[in-house]
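Accompanying notes for the structure given below.
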Amino acid sequence: MNTSRNARRLLVLALLAACSGEAPPRAPEDGAPLEDAAPADGPALDAPRDAAIDGTVTDDTVTDVTVTDVTVTDVASLDADVVAPRDGVALDIPRDTPRDTPADGSAGGPSHPFGAHRTAYTSGSILPTAPGSRLDATTASFYDQWKARYLHRGCTADRAYVATLGDTAGATVSEAHGYGMLITVYMAGYDRDAQRTFDALVRFYQDHPSRYTAALLAWAQDATCRDIMGADSATDGDLDVAYALLLADRQWGSRGAIDYAALARRIVAAVLRGDVHPTASTLLTGDAAMTAADRDGTRLSDFMPAHLRAFATASGVARWTAVLDREYRLVATLQRDHTRSALGIATGLLPDFAVGMNADRPVPAPPRWLEGPDDGAYAWNACRTPWRIAMDWLLHGDARARTAVETMNTWVRRATGERPDRIQSGYSLAGVRLAGANTGELAFVAPFAVAAMVDARNQAWLDALWTAVSTPSLASQSYFGNTVRLLSMIVVSGNAWAP
């Protein structure tokens, strides 16, 4: 095990000991100085998110990247067509570019502008019962708030990053960067500055290569834009960056300043070399996982089947299908063998980490395998799994995804009495609330809204979840909660699509 990995484990244990049982820090109120936005008592939210930042977040203003001439009313007031209802829900489709825009965006506009709903989800999927124009307007309004708070210019000219404002070990991390790239490409058409912002995010990524795999992103940077904590990669950020570039190629084409398609293929190849077990075809936690012990485990929230499917298509490499199938087997095994309550009810909840990959006998990770005492529980990593897995059903119709999330849906509806405000921020795999868990954390609530979309029997539950996710203020949540919330809202409003 390398010294960087050992240092991380020691540091994260120290942090967890210092903040055990506390809720994640909230973002500062509007107007608060950013250097005051990193409470010392907040738990880390990303892996490997495990050291204090070496400095404070810069006060670069968001005015460099925020468009001021596009408002929420633009989405709501555009000419709309009512298309064939999906499971009884009529979708209003605002159109801000012609429907015959070339797929590569060569006419100058995005091929999949936000609000156009040009990709229908798999038959049988549902949306909230509110009008589509209202879902779009609500999502766009929250995007404006999210962008103003978290999307910063910084480091050098024409660079941008997502500031985590004290939620993570650095001023920004690769997880946040991947999220920012996904959000920006999905919001093109509403945000007329989206491509310029996206390119600034790409240039930041290019400035910070992993020391082990040059095409991947070093996982954390401090407020002075220096790489910290080993400069190796984290798989979740790598996967999202690559997928966002494939989306960008579809959205705008690759004939501009940045060849999105070529860069995406380079990253996809690097992920296969650095973030995938060389023989077992399971996802590693990052490219610093080099020992047999490190490579025996995986992070369940890194399982993004729709991403892996896109990588197989873009690269033409059959091994991506093997990685996809292996991950579905892992999910099925864990749900079958390790997710039953004391009454024998299947929860479907997945752990933050699992081990036993080398022998193909997955079990929940023991406490402190990588991050802390809840490594084998449904905690701050695994809370994303309902969203990540459900995407493969919504976009590609893989029945394995639907089966996996429906088990979770059935359990959470019963456990909460159909009340989203009762969802806890952490459970054992048997469905027992973790010590220190609390309600109201949208990082745990919002992914269940995406999962609820896979079956019409969840309609009332989805409607309740949409209200719970879309209503709270930005200031009520941290970077992590607000960002997972926005990504989920993009999907639930019908605005996600595949490259």
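Going by the structure tokens order, chains are called A, B, ..., each with residues numbered from 1, while ligands are numbered from 1 in the order shown.
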As a PyMOL selection string, please: all residues of segment 150-383 of chain A that backbone DSSP puts in strand (DSSP E). chain A and resi 151-153+160-162+172-173+220-221+297-299+353-355+363-364
Based on the selection just made, write C-alpha atoms of those residues as a compact mmCIF listing (two decimals), in the first residue's frame.
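Wrote out-v5.txt, looks like this:
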```txt
# COMPACT_ATOMS: atom_id res chain seq x y z
CA LEU A 151 -19.39 27.72 -10.21
CA HIS A 152 -16.25 29.86 -9.93
CA ARG A 153 -13.66 31.27 -12.26
CA ALA A 160 -13.57 27.31 -14.08
CA TYR A 161 -14.21 24.90 -11.21
CA VAL A 162 -16.96 23.92 -8.80
CA THR A 172 -12.61 21.57 -5.20
CA VAL A 173 -12.44 17.85 -5.98
CA ALA A 220 -8.28 17.50 -5.14
CA GLN A 221 -6.99 21.06 -5.40
CA GLY A 297 -12.63 -3.36 -3.05
CA THR A 298 -14.95 -1.09 -4.99
CA ARG A 299 -17.11 1.97 -4.31
CA PHE A 353 -17.82 0.06 -0.32
CA ALA A 354 -17.65 -3.67 -0.94
CA VAL A 355 -14.69 -6.05 -0.77
CA VAL A 363 -19.41 -8.52 0.85
CA PRO A 364 -19.89 -5.11 2.48
```
Please provide as a ChimeraX atom specification all residues within 12 Å of segment 120-122 of chain A, with the sequence filter that same-chain residues fewer than 3 positions apart are discarded (counting only C-alpha atoms). /A:83-87,91,93,116-117,125-127,390-399,401-402,450,453-455,491-498
Dump C-alpha atoms for the selected residues as a short mmCIF file (atom, residue, chain, number, x, y, z; two decimals), in the first residue's frame?
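Generated file (selection.cif):
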```
data_model
loop_
_atom_site.label_atom_id
_atom_site.label_comp_id
_atom_site.auth_asym_id
_atom_site.auth_seq_id
_atom_site.Cartn_x
_atom_site.Cartn_y
_atom_site.Cartn_z
CA VAL A 83 -46.46 15.84 -27.27
CA ALA A 84 -47.83 12.36 -26.72
CA PRO A 85 -48.23 11.81 -22.98
CA ARG A 86 -45.86 9.42 -21.21
CA ASP A 87 -47.92 7.30 -18.86
CA LEU A 91 -45.04 17.19 -21.43
CA ILE A 93 -41.77 21.17 -24.72
CA ALA A 116 -36.64 20.38 -25.49
CA HIS A 117 -37.17 16.84 -24.13
CA SER A 125 -41.17 5.50 -16.93
CA ILE A 126 -43.01 8.33 -15.22
CA LEU A 127 -42.49 12.01 -14.49
CA ALA A 390 -31.95 4.09 -12.34
CA MET A 391 -30.40 6.10 -15.18
CA ASP A 392 -29.67 2.89 -17.05
CA TRP A 393 -33.35 1.97 -17.04
CA LEU A 394 -34.56 5.44 -17.96
CA LEU A 395 -32.14 5.90 -20.87
CA HIS A 396 -31.48 2.34 -22.01
CA GLY A 397 -34.20 0.11 -20.57
CA ASP A 398 -31.92 -2.39 -18.83
CA ALA A 399 -34.25 -4.50 -16.69
CA ALA A 401 -31.43 -1.52 -13.24
CA ARG A 402 -35.18 -1.46 -12.74
CA VAL A 450 -34.91 9.32 -9.84
CA MET A 453 -39.45 7.11 -12.03
CA VAL A 454 -39.08 3.48 -13.11
CA ASP A 455 -42.64 2.39 -12.30
CA VAL A 491 -33.37 13.85 -14.69
CA VAL A 492 -36.76 14.03 -12.98
CA SER A 493 -37.81 17.00 -15.12
CA GLY A 494 -37.19 14.87 -18.23
CA ASN A 495 -34.03 16.62 -19.37
CA ALA A 496 -31.44 13.85 -19.23
CA TRP A 497 -30.25 12.15 -22.40
CA ALA A 498 -27.48 9.83 -23.56
#
```
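For the choices A:Leu308, A:Ala157, A:Val268, A:Cys225, the atom-to-atom distance to Ala322 of chain A is smallest for A:Leu308 when using only C-alpha atoms.
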Enumerate as a compact mmCIF listing (two decimals) with C-alpha atoms, in the first residue's frame all residues of segment 291-487 of chain A assigned to helix (DSSP H, G or I) by DSSP on the backbone, naming them with the chain letters and numbers the document uses.
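What landed in selection.txt:
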```txt
# COMPACT_ATOMS: atom_id res chain seq x y z
CA ASP A 294 -6.69 -1.95 -2.49
CA ARG A 295 -7.86 -3.75 -5.61
CA ASP A 296 -10.07 -6.10 -3.62
CA LEU A 300 -20.75 1.23 -5.16
CA SER A 301 -21.57 4.83 -6.04
CA ASP A 302 -18.99 4.57 -8.85
CA PRO A 305 -24.08 1.73 -15.87
CA ALA A 306 -25.28 4.30 -18.42
CA HIS A 307 -21.76 5.74 -18.45
CA LEU A 308 -20.17 2.34 -18.99
CA ARG A 309 -22.57 1.62 -21.83
CA ALA A 310 -21.59 4.89 -23.52
CA PHE A 311 -17.89 4.10 -23.07
CA ALA A 312 -18.34 0.76 -24.81
CA THR A 313 -19.99 2.47 -27.76
CA ALA A 314 -17.49 5.33 -28.00
CA SER A 315 -14.39 3.17 -27.67
CA ARG A 319 -14.29 -5.10 -22.12
CA TRP A 320 -16.55 -2.24 -21.05
CA THR A 321 -19.50 -4.60 -21.42
CA ALA A 322 -17.72 -7.05 -19.14
CA VAL A 323 -17.25 -4.29 -16.55
CA LEU A 324 -20.95 -3.41 -16.85
CA ASP A 325 -22.09 -7.02 -16.42
CA ARG A 326 -19.71 -7.58 -13.51
CA GLU A 327 -21.10 -4.57 -11.69
CA TYR A 328 -24.69 -5.74 -12.15
CA ARG A 329 -23.71 -9.14 -10.73
CA LEU A 330 -22.12 -7.37 -7.78
CA VAL A 331 -25.30 -5.37 -7.11
CA ALA A 332 -27.52 -8.45 -7.40
CA THR A 333 -25.30 -10.49 -5.07
CA LEU A 334 -25.13 -7.79 -2.40
CA GLN A 335 -28.89 -7.20 -2.54
CA ARG A 336 -29.63 -10.91 -2.32
CA ASP A 337 -27.19 -11.82 0.46
CA HIS A 338 -26.73 -8.71 2.61
CA ALA A 382 -23.98 4.96 -1.51
CA CYS A 383 -26.77 7.54 -1.19
CA ARG A 384 -26.18 8.24 -4.90
CA THR A 385 -26.80 4.66 -6.07
CA PRO A 386 -30.59 4.92 -6.63
CA TRP A 387 -29.97 7.79 -9.09
CA ARG A 388 -26.94 6.28 -10.80
CA ILE A 389 -28.49 2.86 -11.36
CA ALA A 390 -31.95 4.09 -12.34
CA MET A 391 -30.40 6.10 -15.18
CA ASP A 392 -29.67 2.89 -17.05
CA TRP A 393 -33.35 1.97 -17.04
CA LEU A 394 -34.56 5.44 -17.96
CA LEU A 395 -32.14 5.90 -20.87
CA HIS A 396 -31.48 2.34 -22.01
CA ALA A 399 -34.25 -4.50 -16.69
CA ARG A 400 -31.45 -5.20 -14.21
CA ALA A 401 -31.43 -1.52 -13.24
CA ARG A 402 -35.18 -1.46 -12.74
CA THR A 403 -35.08 -4.58 -10.59
CA ALA A 404 -32.32 -3.16 -8.40
CA VAL A 405 -33.99 0.19 -7.71
CA GLU A 406 -37.49 -1.20 -7.31
CA THR A 407 -36.27 -3.20 -4.33
CA MET A 408 -35.04 0.08 -2.83
CA ASN A 409 -38.29 1.85 -3.74
CA THR A 410 -40.48 -0.76 -2.09
CA TRP A 411 -38.46 -0.64 1.10
CA VAL A 412 -38.09 3.14 1.43
CA ARG A 413 -41.78 3.78 0.79
CA ARG A 414 -42.68 1.32 3.52
CA ALA A 415 -39.96 2.46 5.94
CA THR A 416 -40.96 6.11 5.70
CA PRO A 420 -39.79 11.89 2.12
CA ASP A 421 -39.13 14.01 5.22
CA ARG A 422 -38.50 10.78 7.13
CA LEU A 442 -31.31 16.08 -0.01
CA ALA A 443 -28.27 14.03 -1.03
CA PHE A 444 -30.26 11.10 0.40
CA VAL A 445 -33.73 12.22 -0.69
CA ALA A 446 -33.16 13.35 -4.31
CA PRO A 447 -31.71 10.08 -5.69
CA PHE A 448 -34.86 8.25 -4.57
CA ALA A 449 -36.86 10.59 -6.83
CA VAL A 450 -34.91 9.32 -9.84
CA ALA A 451 -35.41 5.74 -8.69
CA ALA A 452 -39.17 6.29 -8.31
CA ALA A 456 -46.07 4.06 -12.48
CA ARG A 457 -46.98 2.54 -9.11
CA ASN A 458 -44.60 5.10 -7.60
CA GLN A 459 -46.49 8.13 -8.97
CA ALA A 460 -47.73 9.56 -5.67
CA TRP A 461 -44.36 8.84 -4.07
CA LEU A 462 -42.54 10.58 -6.95
CA ASP A 463 -44.79 13.62 -6.64
CA ALA A 464 -44.06 13.83 -2.92
CA LEU A 465 -40.33 13.47 -3.56
CA TRP A 466 -40.36 16.20 -6.23
CA THR A 467 -41.95 18.60 -3.76
CA ALA A 468 -39.42 17.63 -1.09
CA VAL A 469 -36.49 18.11 -3.46
CA SER A 470 -37.57 21.27 -5.27
CA LEU A 474 -30.25 26.60 -1.49
CA ALA A 475 -28.91 27.78 1.88
CA SER A 476 -30.52 24.82 3.65
CA TYR A 479 -22.57 21.78 -1.85
CA PHE A 480 -23.02 18.01 -1.95
CA GLY A 481 -26.73 18.04 -1.22
CA ASN A 482 -27.43 20.90 -3.61
CA THR A 483 -25.43 19.37 -6.44
CA VAL A 484 -26.90 15.86 -6.18
CA ARG A 485 -30.25 17.62 -5.90
CA LEU A 486 -29.75 19.58 -9.14
CA LEU A 487 -28.52 16.55 -11.08
```
Using only C-alpha atoms, which residue out of A:Leu135, A:Ala176, A:Val185, A:Val432 lies closest to Tyr150 of chain A? A:Ala176
Would you mind reading off the distance between atom CA of Asp240 of chain A and atom CA of Ala163 of chain A, one decimal, in Å?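 Atom-to-atom, atom CA of Asp240 of chain A and atom CA of Ala163 of chain A are spaced 16.7 Å apart.
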